[in-house]
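Peer 1: My structure is stored as start-v5.cif, with mmCIF, C-alpha atoms.
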data_data
#
loop_
_atom_site.label_atom_id
_atom_site.label_comp_id
_atom_site.auth_asym_id
_atom_site.auth_seq_id
_atom_site.Cartn_x
_atom_site.Cartn_y
_atom_site.Cartn_z
CA MET A 1 -2.77 46.35 93.76
CA ALA A 2 0.56 44.62 93.25
CA LEU A 3 0.57 41.73 90.81
CA VAL A 4 1.60 38.33 92.15
CA PRO A 5 4.13 36.70 89.78
CA ASP A 6 3.24 33.37 88.24
CA PHE A 7 6.40 31.75 89.59
CA GLN A 8 8.20 32.26 92.87
CA THR A 9 10.94 30.42 94.74
CA SER A 10 9.97 27.17 96.43
CA PRO A 11 9.55 27.14 100.24
CA GLY A 12 12.93 27.23 101.95
CA MET A 13 14.65 28.52 98.80
CA ARG A 14 15.46 32.15 97.99
CA ASP A 15 17.27 34.42 95.58
CA ILE A 16 20.47 36.14 96.71
CA LEU A 17 20.59 39.56 95.06
CA PRO A 18 23.36 42.16 94.93
CA PRO A 19 24.95 43.54 97.04
CA GLU A 20 24.31 40.55 99.36
CA SER A 21 25.63 38.17 96.70
CA ALA A 22 28.93 40.05 96.77
CA ARG A 23 29.01 39.55 100.52
CA TRP A 24 28.64 35.80 99.98
CA ARG A 25 31.59 35.77 97.58
CA ARG A 26 33.67 37.77 100.02
CA PHE A 27 32.72 35.34 102.81
CA VAL A 28 34.10 32.42 100.79
CA HIS A 29 37.15 34.48 99.80
CA VAL A 30 38.02 35.17 103.43
CA PHE A 31 37.54 31.52 104.33
CA ALA A 32 39.71 30.40 101.41
CA GLY A 33 42.49 32.65 102.66
CA VAL A 34 42.37 31.11 106.12
CA ALA A 35 42.21 27.53 104.83
CA GLU A 36 44.85 27.87 102.12
CA GLY A 37 47.13 29.60 104.60
CA ALA A 38 47.17 26.27 106.44
CA GLY A 39 47.99 24.28 103.31
CA ASP A 40 44.46 23.15 102.45
CA GLY A 41 43.42 22.94 98.80
CA GLN A 42 39.90 23.34 97.49
CA VAL A 43 37.82 20.30 96.58
CA ILE A 44 34.70 20.75 94.45
CA SER A 45 32.31 17.82 94.61
CA PRO A 46 29.09 17.26 92.64
CA LEU A 47 25.71 18.35 93.96
CA LEU A 48 24.38 14.89 93.15
CA GLU A 49 25.66 11.65 94.70
CA ASP A 50 24.56 8.04 94.91
CA LEU A 51 22.05 7.76 97.74
CA GLY A 52 24.27 5.20 99.46
CA VAL A 53 26.98 7.80 100.10
CA PHE A 54 24.71 9.62 102.52
CA GLN A 55 23.10 6.55 104.01
CA ARG A 56 26.49 5.92 105.61
CA ILE A 57 25.84 8.99 107.77
CA GLY A 58 23.55 6.82 109.89
CA ASP A 59 20.08 5.35 109.58
CA ALA A 60 19.02 6.99 112.87
CA THR A 61 19.77 10.47 111.58
CA ASP A 62 16.95 12.76 110.41
CA VAL A 63 19.14 13.84 107.48
CA VAL A 64 18.90 10.29 106.13
CA THR A 65 15.43 9.27 107.24
CA LYS A 66 13.33 12.28 106.25
CA GLU A 67 15.30 15.29 105.04
CA MET A 68 17.06 14.16 101.87
CA TYR A 69 16.01 15.24 98.40
CA ASP A 70 16.39 11.84 96.72
CA PHE A 71 14.98 10.43 93.49
CA VAL A 72 15.60 7.86 90.76
CA ASP A 73 17.26 9.51 87.76
CA LYS A 74 16.67 8.73 84.08
CA GLY A 75 19.35 6.06 84.19
CA GLY A 76 17.60 4.22 87.01
CA ARG A 77 20.13 5.30 89.65
CA HIS A 78 18.84 6.25 93.11
CA VAL A 79 20.56 9.57 93.80
CA ALA A 80 20.32 12.46 96.26
CA LEU A 81 21.14 16.13 96.34
CA ARG A 82 23.91 16.34 98.90
CA PRO A 83 22.58 17.12 102.41
CA GLU A 84 26.11 17.61 103.73
CA LEU A 85 29.64 17.56 102.32
CA THR A 86 31.76 15.41 104.61
CA ALA A 87 30.45 12.17 103.13
CA SER A 88 31.01 13.53 99.61
CA VAL A 89 34.61 14.43 100.43
CA CYS A 90 35.19 10.96 101.88
CA ARG A 91 33.69 9.37 98.76
CA ALA A 92 36.10 11.43 96.65
CA PHE A 93 38.99 10.27 98.83
CA VAL A 94 38.01 6.62 98.36
CA GLN A 95 37.60 7.08 94.61
CA HIS A 96 40.82 9.01 93.91
CA ARG A 97 43.12 7.85 96.75
CA PRO A 98 45.20 11.03 97.16
CA LEU A 99 48.31 11.11 99.32
CA THR A 100 47.68 11.58 103.02
CA PRO A 101 47.24 13.65 105.00
CA TRP A 102 44.72 15.01 102.52
CA LYS A 103 43.85 18.56 103.59
CA VAL A 104 40.97 20.16 101.70
CA TRP A 105 38.42 22.94 102.05
CA TYR A 106 35.09 23.40 100.33
CA ALA A 107 32.23 25.83 99.84
CA GLY A 108 28.82 25.24 98.36
CA SER A 109 25.14 24.48 98.66
CA GLN A 110 23.48 21.58 100.42
CA PHE A 111 19.83 20.54 100.52
CA ARG A 112 17.64 19.31 103.36
CA TYR A 113 13.87 19.13 103.42
CA GLU A 114 13.31 20.62 106.87
CA LYS A 115 11.14 23.37 108.32
CA PRO A 116 12.47 26.76 107.18
CA GLN A 117 13.24 29.25 109.94
CA ARG A 118 15.52 32.21 110.58
CA GLY A 119 18.99 31.24 109.44
CA ARG A 120 17.88 27.83 108.18
CA TYR A 121 16.77 27.10 104.62
CA ARG A 122 16.19 23.99 102.55
CA GLN A 123 18.99 25.09 100.25
CA PHE A 124 21.81 26.40 102.41
CA ASP A 125 25.50 27.15 101.98
CA GLN A 126 28.42 26.10 104.11
CA VAL A 127 32.17 26.35 104.08
CA GLY A 128 34.29 23.67 105.66
CA ILE A 129 37.55 21.80 106.06
CA GLU A 130 38.29 18.08 106.06
CA VAL A 131 41.62 16.37 106.76
CA LEU A 132 41.94 12.65 106.09
CA GLY A 133 44.74 10.29 107.02
CA ALA A 134 46.12 11.66 110.31
CA ASP A 135 45.17 10.66 113.85
CA ASP A 136 46.79 13.35 115.97
CA PRO A 137 45.11 15.39 118.72
CA TYR A 138 47.11 18.43 117.65
CA LEU A 139 45.50 18.17 114.21
CA ASP A 140 42.18 18.44 116.03
CA VAL A 141 43.52 21.61 117.63
CA GLU A 142 44.62 23.02 114.25
CA ILE A 143 41.21 22.39 112.72
CA ILE A 144 39.36 24.02 115.62
CA ALA A 145 41.79 26.94 115.58
CA LEU A 146 41.19 27.55 111.85
CA GLY A 147 37.48 27.95 112.45
CA TRP A 148 38.20 30.29 115.34
CA GLU A 149 40.61 32.29 113.15
CA PHE A 150 37.98 32.60 110.42
CA TYR A 151 35.42 34.07 112.78
CA ARG A 152 38.01 36.55 113.98
CA ALA A 153 38.81 37.44 110.36
CA LEU A 154 35.13 38.33 109.87
CA GLY A 155 35.34 40.58 112.91
CA LEU A 156 33.16 38.44 115.20
CA GLN A 157 33.95 38.66 118.89
CA GLN A 158 30.95 36.97 120.51
CA VAL A 159 31.65 33.38 119.49
CA ASN A 160 31.71 30.60 122.06
CA LEU A 161 33.48 27.29 121.52
CA LEU A 162 31.99 24.13 123.04
CA LEU A 163 34.11 20.99 123.20
CA ASN A 164 33.52 17.33 123.95
CA SER A 165 34.80 13.88 123.12
CA LEU A 166 32.78 10.78 122.26
CA GLY A 167 35.77 8.54 122.96
CA GLU A 168 36.63 5.34 121.13
CA PRO A 169 33.85 3.37 119.40
CA ALA A 170 33.75 0.93 122.32
CA ASP A 171 33.50 3.83 124.77
CA ARG A 172 30.63 5.30 122.79
CA ALA A 173 28.85 1.94 122.67
CA ARG A 174 29.03 1.57 126.46
CA TYR A 175 27.83 5.12 126.90
CA VAL A 176 24.90 4.64 124.53
CA GLN A 177 23.86 1.57 126.51
CA ALA A 178 24.05 3.53 129.77
CA LEU A 179 21.94 6.33 128.29
CA GLN A 180 19.40 3.80 127.03
CA GLU A 181 19.03 2.34 130.49
CA HIS A 182 18.86 5.76 132.15
CA PHE A 183 16.11 7.12 129.93
CA GLU A 184 14.11 3.87 129.84
CA ALA A 185 14.08 3.84 133.64
CA HIS A 186 12.24 7.19 133.52
CA LEU A 187 10.24 6.64 130.36
CA ASP A 188 7.03 7.94 131.89
CA THR A 189 8.51 11.43 132.33
CA LEU A 190 10.21 11.61 128.92
CA SER A 191 8.52 13.69 126.19
CA ASP A 192 6.81 11.78 123.39
CA GLU A 193 9.30 13.21 120.87
CA SER A 194 12.28 12.01 122.90
CA LYS A 195 10.71 8.57 123.30
CA VAL A 196 10.82 8.23 119.52
CA THR A 197 14.38 9.56 119.41
CA LEU A 198 15.42 7.12 122.13
CA GLN A 199 14.52 4.17 119.95
CA LYS A 200 16.65 5.51 117.11
CA ASN A 201 19.67 6.98 118.89
CA PRO A 202 19.84 7.61 122.65
CA LEU A 203 22.61 10.17 122.11
CA ARG A 204 20.20 12.45 120.31
CA VAL A 205 17.98 12.69 123.39
CA LEU A 206 20.73 14.81 124.94
CA ASP A 207 19.97 17.45 122.31
CA SER A 208 16.38 17.89 123.50
CA LYS A 209 15.53 21.51 124.35
CA ARG A 210 12.07 20.61 125.72
CA PRO A 211 11.57 21.66 129.36
CA GLN A 212 9.94 18.31 130.12
CA ASP A 213 13.19 16.49 129.27
CA ALA A 214 15.58 18.92 130.97
CA PRO A 215 15.77 17.19 134.41
CA LEU A 216 16.40 13.76 132.87
CA VAL A 217 19.02 15.11 130.47
CA ALA A 218 20.80 16.91 133.33
CA ALA A 219 20.85 13.71 135.39
CA ALA A 220 22.07 11.50 132.52
CA PRO A 221 25.45 9.73 132.75
CA LYS A 222 28.41 11.73 131.42
CA ILE A 223 30.52 10.43 128.53
CA ALA A 224 33.74 11.12 130.45
CA GLU A 225 32.83 8.28 132.82
CA PHE A 226 33.28 5.83 129.93
CA TYR A 227 36.55 6.99 128.34
CA SER A 228 39.30 4.48 127.76
CA GLU A 229 42.79 5.56 128.76
CA ALA A 230 43.66 6.38 125.14
CA ALA A 231 40.48 8.43 124.64
CA ALA A 232 41.06 10.39 127.83
CA ALA A 233 44.65 11.13 126.77
CA HIS A 234 43.54 12.29 123.31
CA PHE A 235 40.95 14.65 124.77
CA ALA A 236 43.40 16.01 127.33
CA ALA A 237 45.89 16.79 124.56
CA VAL A 238 43.24 18.66 122.57
CA GLN A 239 42.34 20.79 125.57
CA ALA A 240 46.00 21.49 126.33
CA GLY A 241 46.63 22.53 122.72
CA LEU A 242 43.71 24.97 122.65
CA THR A 243 44.85 26.43 125.96
CA GLU A 244 48.35 26.88 124.55
CA LEU A 245 46.91 28.84 121.61
CA GLY A 246 44.83 31.00 123.92
CA ILE A 247 41.51 29.80 122.49
CA PRO A 248 38.81 29.73 125.20
CA PHE A 249 36.45 26.76 125.31
CA THR A 250 33.84 25.11 127.48
CA VAL A 251 33.62 21.34 127.86
CA ASP A 252 30.00 20.31 127.28
CA SER A 253 29.30 16.64 127.91
CA LYS A 254 25.97 16.89 126.04
CA LEU A 255 27.63 17.94 122.78
CA VAL A 256 27.19 14.86 120.61
CA ARG A 257 26.65 16.50 117.17
CA GLY A 258 23.92 15.47 114.74
CA LEU A 259 25.54 12.70 112.70
CA ASP A 260 26.43 9.14 113.66
CA TYR A 261 29.97 9.01 112.33
CA TYR A 262 31.70 11.12 115.00
CA ARG A 263 34.42 9.69 117.27
CA HIS A 264 36.70 11.37 119.81
CA THR A 265 36.68 15.17 119.47
CA THR A 266 33.45 17.02 118.77
CA PHE A 267 33.07 20.79 118.85
CA GLU A 268 30.62 23.55 118.07
CA TYR A 269 30.89 27.30 117.55
CA GLN A 270 27.95 29.24 118.96
CA GLY A 271 26.96 32.84 118.28
CA GLY A 272 26.64 34.77 121.50
CA THR A 273 24.09 37.16 119.99
CA LEU A 274 21.72 34.46 118.71
CA GLU A 275 18.82 32.79 120.50
CA SER A 276 19.99 29.69 122.35
CA ALA A 277 17.77 27.32 120.38
CA GLN A 278 19.31 28.41 117.06
CA ASN A 279 22.76 29.69 118.02
CA ALA A 280 25.01 27.09 116.38
CA LEU A 281 27.16 28.76 113.73
CA GLY A 282 28.95 25.54 112.80
CA GLY A 283 30.89 22.65 114.18
CA GLY A 284 32.43 19.31 113.52
CA GLY A 285 34.63 16.63 114.93
CA ARG A 286 36.62 13.50 114.30
CA TYR A 287 34.92 10.82 112.21
CA ASP A 288 37.33 7.89 112.11
CA GLY A 289 35.46 5.08 110.35
CA LEU A 290 33.49 6.99 107.72
CA VAL A 291 35.98 6.36 104.90
CA GLU A 292 35.98 2.65 105.72
CA SER A 293 32.18 2.53 105.60
CA LEU A 294 32.38 3.94 102.04
CA GLY A 295 34.66 1.13 100.90
CA GLY A 296 38.04 2.70 101.63
CA PRO A 297 40.84 1.64 103.97
CA PRO A 298 40.65 2.51 107.68
CA THR A 299 41.38 6.24 107.62
CA ALA A 300 41.29 8.84 110.35
CA GLY A 301 39.35 11.99 109.54
CA ILE A 302 38.42 15.29 111.12
CA GLY A 303 36.70 18.43 109.88
CA PHE A 304 34.01 21.01 110.32
CA ALA A 305 31.27 22.82 108.42
CA LEU A 306 30.29 26.43 109.12
CA GLY A 307 26.90 27.80 108.15
CA LEU A 308 26.94 30.91 105.99
CA ASP A 309 23.47 32.21 106.85
CA ARG A 310 23.69 32.07 110.62
CA THR A 311 27.23 33.42 110.59
CA LEU A 312 26.09 36.44 108.57
CA ILE A 313 23.20 36.98 111.00
CA ALA A 314 25.76 37.02 113.82
CA CYS A 315 27.85 39.50 111.81
CA ASP A 316 24.81 41.75 111.43
CA ASP A 317 24.14 41.53 115.17
CA GLU A 318 27.71 42.59 115.94
CA GLY A 319 27.84 45.19 113.17
CA VAL A 320 30.76 43.59 111.33
CA PHE A 321 31.43 42.23 107.83
CA PRO A 322 28.85 44.34 105.97
CA ALA A 323 27.91 43.80 102.34
CA PRO A 324 30.59 45.49 100.20
CA ALA A 325 29.60 48.51 98.18
CA ASN A 326 29.00 47.55 94.56
CA ASP A 327 30.70 50.70 93.31
CA VAL A 328 32.55 51.26 90.04
CA ASP A 329 35.50 53.64 89.78
CA VAL A 330 34.31 55.67 86.80
CA PHE A 331 30.94 56.42 85.24
CA VAL A 332 30.97 57.62 81.63
CA VAL A 333 28.38 60.22 80.64
CA ASP A 334 27.99 60.50 76.86
CA THR A 335 25.46 62.87 75.27
CA THR A 336 26.71 62.28 71.70
CA GLY A 337 24.85 59.02 71.05
CA GLY A 338 26.64 56.41 73.18
CA LEU A 339 29.51 55.24 70.96
CA GLN A 340 32.08 57.25 72.93
CA ALA A 341 30.87 55.72 76.21
CA LEU A 342 31.17 52.28 74.65
CA GLN A 343 34.78 52.95 73.66
CA ILE A 344 35.86 54.60 76.92
CA THR A 345 34.29 52.01 79.27
CA ALA A 346 35.99 49.23 77.27
CA GLN A 347 39.35 51.00 77.49
CA LEU A 348 38.98 51.59 81.21
CA ARG A 349 38.03 47.98 81.91
CA ASP A 350 40.97 46.76 79.84
CA VAL A 351 43.36 48.48 82.26
CA GLY A 352 41.54 47.23 85.36
CA ILE A 353 39.39 50.26 86.14
CA GLY A 354 35.76 49.49 86.98
CA ALA A 355 33.53 51.48 84.65
CA ASP A 356 29.83 51.80 83.90
CA ARG A 357 27.61 53.97 81.71
CA ALA A 358 23.98 54.81 80.97
CA PHE A 359 22.06 53.54 77.94
CA GLU A 360 19.23 54.65 75.65
CA ASN A 361 20.80 58.05 74.90
CA ARG A 362 19.36 59.66 78.02
CA SER A 363 19.66 63.33 78.93
CA MET A 364 22.70 64.81 80.65
CA LYS A 365 20.68 65.26 83.86
CA SER A 366 19.48 61.66 83.85
CA GLN A 367 22.97 60.30 83.18
CA MET A 368 24.49 62.37 85.99
CA LYS A 369 21.88 60.98 88.40
CA ALA A 370 22.87 57.48 87.30
CA ALA A 371 26.54 58.37 87.80
CA ASP A 372 25.84 59.50 91.35
CA ARG A 373 23.87 56.32 92.14
CA SER A 374 26.69 54.15 90.79
CA GLY A 375 29.00 55.14 93.63
CA ALA A 376 31.74 56.03 91.14
CA THR A 377 34.56 58.28 92.28
CA TYR A 378 34.72 60.11 88.96
CA ALA A 379 32.45 60.90 86.05
CA VAL A 380 33.93 61.18 82.57
CA ILE A 381 31.72 63.48 80.48
CA ILE A 382 31.68 63.57 76.69
CA GLY A 383 29.49 66.12 74.93
CA SER A 384 29.59 67.41 71.37
CA ASN A 385 32.18 70.09 72.27
CA GLU A 386 34.49 67.54 73.92
CA LEU A 387 34.06 65.15 71.01
CA ASP A 388 35.02 67.81 68.48
CA ALA A 389 38.04 68.91 70.55
CA GLY A 390 39.26 65.37 71.29
CA GLU A 391 38.83 65.97 75.03
CA ALA A 392 36.89 64.66 78.05
CA VAL A 393 35.75 66.29 81.27
CA VAL A 394 36.70 64.46 84.48
CA ARG A 395 34.44 65.45 87.37
CA PRO A 396 35.04 64.17 90.94
CA LEU A 397 31.81 62.73 92.39
CA ARG A 398 33.13 61.76 95.82
CA ALA A 399 35.30 64.54 97.22
CA GLU A 400 36.37 62.40 100.16
CA ARG A 401 37.85 59.80 97.77
CA ALA A 402 38.93 61.85 94.76
CA LEU A 403 42.59 62.70 94.23
CA ASN A 404 44.53 64.77 91.77
CA PRO A 405 46.90 62.81 89.52
CA ASP A 406 49.81 63.94 91.71
CA GLY A 407 48.19 62.24 94.71
CA SER A 408 47.01 65.37 96.48
CA PRO A 409 43.38 65.60 97.65
CA SER A 410 40.99 66.95 95.03
CA ASP A 411 39.00 70.10 95.80
CA GLY A 412 36.16 68.76 93.67
CA THR A 413 36.99 70.91 90.65
CA GLN A 414 36.46 69.22 87.29
CA SER A 415 39.24 69.06 84.71
CA THR A 416 39.29 68.97 80.93
CA ILE A 417 41.72 66.28 79.74
CA PRO A 418 42.91 65.35 76.22
CA ARG A 419 41.42 61.98 75.27
CA SER A 420 44.93 60.66 74.66
CA ASP A 421 45.81 61.34 78.33
CA LEU A 422 42.52 60.17 79.87
CA LEU A 423 43.56 56.65 80.89
CA ASP A 424 46.83 57.77 82.50
CA HIS A 425 45.06 60.62 84.28
CA LEU A 426 42.45 58.29 85.83
CA LYS A 427 44.97 55.54 86.66
CA LYS A 428 47.08 58.03 88.64
CA ALA A 429 44.10 59.59 90.36
CA LEU A 430 42.63 56.22 91.34
CA SER A 431 45.92 54.74 92.47
#
Any chance you could give the structure as structure tokens?
Peer 2:
Amino acid sequence: MALVPDFQTSPGMRDILPPESARWRRFVHVFAGVAEGAGDGQVISPLLEDLGVFQRIGDATDVVTKEMYDFVDKGGRHVALRPELTASVCRAFVQHRPLTPWKVWYAGSQFRYEKPQRGRYRQFDQVGIEVLGADDPYLDVEIIALGWEFYRALGLQQVNLLLNSLGEPADRARYVQALQEHFEAHLDTLSDESKVTLQKNPLRVLDSKRPQDAPLVAAAPKIAEFYSEAAAAHFAAVQAGLTELGIPFTVDSKLVRGLDYYRHTTFEYQGGTLESAQNALGGGGRYDGLVESLGGPPTAGIGFALGLDRTLIACDDEGVFPAPANDVDVFVVDTTGGLQALQITAQLRDVGIGADRAFENRSMKSQMKAADRSGATYAVIIGSNELDAGEAVVRPLRAERALNPDGSPSDGTQSTIPRSDLLDHLKKALS
């Protein structure tokens, strides 16, 4: 009977073990390449912020009302683990006042106390981009295109882009009032859950996936009916820009996003292989007004956040972006006590060659099994004869990868090399 450990991860939390952890690092590395190729620099914000930073997201938002991990710290400050990163980035902008447009990317963990499910955890990681200080529809296009480019860089092909606009604040206010009137006129047919949502934020009722609400949601007024001339022109320019770049999209009038600070453009990337109820890979939009609510000057802003977990599920579904092999280049087998392996692995690592070894003075057979499991291309073998002669045996372990020092394919035959030539021999063979 297996023993149950005294301590395990909390619900909604989990350990990321190798090789999956290497996949996470590679995910961020690929995203960094896309973002920095567009001139964005990385911003690293603290996990902990003043509670008020996130209350600006909106009092009608579940993130604020029931999902935050918040507490009073030892200094008497009411703080919260960040549930999202846009507000943190805007707080940093207000605090440090960098030159605009401020183009930044981020990666890291967030925390929300919500029901765990496939692709959703209470501690979850995202990557994202924020640009502050520019109100230009073609910036909206650039931001959306960078997310699209990132998914393509991962190898994903079944990603759908949904697009909408919430218009100017006055447009949104008129639309919210129209939605309120529409749903209240049919309150008897609305689900109990949506009745509660209606009192907090009528826009969120449009997100309902309950069959009972579907007819009312379908019959609801459309936001496009309330656009001002400027809002309509902004949205038209965004659509024209995406069309010019050859990025396909679908206008979805029900796409309102989950946070209250959005204005104008909103968008969402959906995974075509995922179940419709949980198919959002990420999204974002324009949030003009958030910086001002945090005490800064009126500042335009736009950005997105992309979920790591769901994106990797989509990658698995499409058979792309696998976990990288955690292989070393060379495995040192030492049957003379271990000191030679210590020296050789250090020398190999010093010149940039990945190297590993066995411990506890195990047998030759045991060490060779470990060498094979390591995924190394070559084994370097030191026995008493090689030690006395100042030599080492180099044995190819992966014939399909092994080369001779002159670059020709190896036939798998092992070679005996003077210790003084070992590093050069392996550098040439591995290059």
Peer 1: Just the number, please: distance in Å from CA of Ile129 in chain A to CA of Phe71 in chain A, one decimal.
Peer 2: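 So the answer is 28.2 Å.
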Peer 1: For Glu391 in chain A, which of A:Thr197, A:Thr189, A:Gln95, A:Gln340 is the closest residue, counting only C-alpha atoms?
Peer 2: A:Gln340
Peer 1: To verify the selection step, state as an mmCIF file with C-alpha atoms, in the frame of the given file which residues the PyMOL selection byres ((chain A and resi 121) around 9) yields on this input.
Peer 2:
data_model
loop_
_atom_site.group_PDB
_atom_site.id
_atom_site.type_symbol
_atom_site.label_atom_id
_atom_site.label_comp_id
_atom_site.auth_asym_id
_atom_site.auth_seq_id
_atom_site.Cartn_x
_atom_site.Cartn_y
_atom_site.Cartn_z
ATOM 1 C CA PRO A 11 9.550 27.140 100.240
ATOM 2 C CA GLY A 12 12.930 27.230 101.950
ATOM 3 C CA MET A 13 14.650 28.520 98.800
ATOM 4 C CA ARG A 14 15.460 32.150 97.990
ATOM 5 C CA PHE A 111 19.830 20.540 100.520
ATOM 6 C CA ARG A 112 17.640 19.310 103.360
ATOM 7 C CA TYR A 113 13.870 19.130 103.420
ATOM 8 C CA GLU A 114 13.310 20.620 106.870
ATOM 9 C CA LYS A 115 11.140 23.370 108.320
ATOM 10 C CA PRO A 116 12.470 26.760 107.180
ATOM 11 C CA GLN A 117 13.240 29.250 109.940
ATOM 12 C CA ARG A 118 15.520 32.210 110.580
ATOM 13 C CA GLY A 119 18.990 31.240 109.440
ATOM 14 C CA ARG A 120 17.880 27.830 108.180
ATOM 15 C CA ARG A 122 16.190 23.990 102.550
ATOM 16 C CA GLN A 123 18.990 25.090 100.250
ATOM 17 C CA PHE A 124 21.810 26.400 102.410
ATOM 18 C CA ASP A 309 23.470 32.210 106.850
#
Peer 1: With all atoms listed in the file as the basis for distance, which of A:Val333, A:Leu387, A:Leu3, A:Leu47 is at the shortest distance from Asp125 in chain A?
Peer 2: A:Leu47
Peer 1: So what does the PyMOL selection byres ((chain A and resi 359-369) around 12) actually pick up in this one, as a ChimeraX atom specification?
Peer 2: /A:330-342,356-358,370-376,378-384,395-397
Peer 1: I'd like the residues picked by the PyMOL selection byres ((chain A and resi 136) around 10) written out as a list of chain:residue names, using the chain letters and numbers from the file.
Peer 2: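 When the PyMOL selection byres ((chain A and resi 136) around 10) is applied, the selected residues are A:Gly133, A:Ala134, A:Asp135, A:Pro137, A:Tyr138, A:Leu139, A:Asp140, A:Val141, A:His234, A:Ala237, A:Val238, A:Ala300, A:Gly301, A:Ile302.
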Peer 1: Please, can range 317-328 of chain A be completed to N, CA and C atoms and returned as a PDB file, in the coordinates of the input?
Peer 2:
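In the end it all went to result28.pdb:
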ATOM      1  N   ASP A 317      24.386  41.206 113.764  1.00  0.00           N
ATOM      2  CA  ASP A 317      24.140  41.530 115.170  1.00  0.00           C
ATOM      3  C   ASP A 317      25.301  42.294 115.792  1.00  0.00           C
ATOM      4  N   GLU A 318      26.529  41.936 115.378  1.00  0.00           N
ATOM      5  CA  GLU A 318      27.710  42.590 115.940  1.00  0.00           C
ATOM      6  C   GLU A 318      28.156  43.797 115.120  1.00  0.00           C
ATOM      7  N   GLY A 319      27.480  44.037 113.993  1.00  0.00           N
ATOM      8  CA  GLY A 319      27.840  45.190 113.170  1.00  0.00           C
ATOM      9  C   GLY A 319      29.168  45.050 112.459  1.00  0.00           C
ATOM     10  N   VAL A 320      29.493  43.830 112.028  1.00  0.00           N
ATOM     11  CA  VAL A 320      30.760  43.590 111.330  1.00  0.00           C
ATOM     12  C   VAL A 320      30.478  42.913 109.996  1.00  0.00           C
ATOM     13  N   PHE A 321      31.480  42.912 109.120  1.00  0.00           N
ATOM     14  CA  PHE A 321      31.430  42.230 107.830  1.00  0.00           C
ATOM     15  C   PHE A 321      30.191  42.621 107.024  1.00  0.00           C
ATOM     16  N   PRO A 322      30.026  43.906 106.739  1.00  0.00           N
ATOM     17  CA  PRO A 322      28.850  44.340 105.970  1.00  0.00           C
ATOM     18  C   PRO A 322      28.975  43.941 104.499  1.00  0.00           C
ATOM     19  N   ALA A 323      27.867  44.030 103.790  1.00  0.00           N
ATOM     20  CA  ALA A 323      27.910  43.800 102.340  1.00  0.00           C
ATOM     21  C   ALA A 323      28.781  44.873 101.702  1.00  0.00           C
ATOM     22  N   PRO A 324      29.719  44.490 100.834  1.00  0.00           N
ATOM     23  CA  PRO A 324      30.590  45.490 100.200  1.00  0.00           C
ATOM     24  C   PRO A 324      29.811  46.371  99.249  1.00  0.00           C
ATOM     25  N   ALA A 325      30.227  47.600  99.139  1.00  0.00           N
ATOM     26  CA  ALA A 325      29.600  48.510  98.180  1.00  0.00           C
ATOM     27  C   ALA A 325      29.885  48.024  96.759  1.00  0.00           C
ATOM     28  N   ASN A 326      28.847  48.012  95.937  1.00  0.00           N
ATOM     29  CA  ASN A 326      29.000  47.550  94.560  1.00  0.00           C
ATOM     30  C   ASN A 326      29.314  48.748  93.657  1.00  0.00           C
ATOM     31  N   ASP A 327      30.371  49.461  94.003  1.00  0.00           N
ATOM     32  CA  ASP A 327      30.700  50.700  93.310  1.00  0.00           C
ATOM     33  C   ASP A 327      31.676  50.439  92.158  1.00  0.00           C
ATOM     34  N   VAL A 328      31.540  51.219  91.103  1.00  0.00           N
ATOM     35  CA  VAL A 328      32.550  51.260  90.040  1.00  0.00           C
ATOM     36  C   VAL A 328      33.455  52.460  90.295  1.00  0.00           C
TER      37      VAL A 328
END
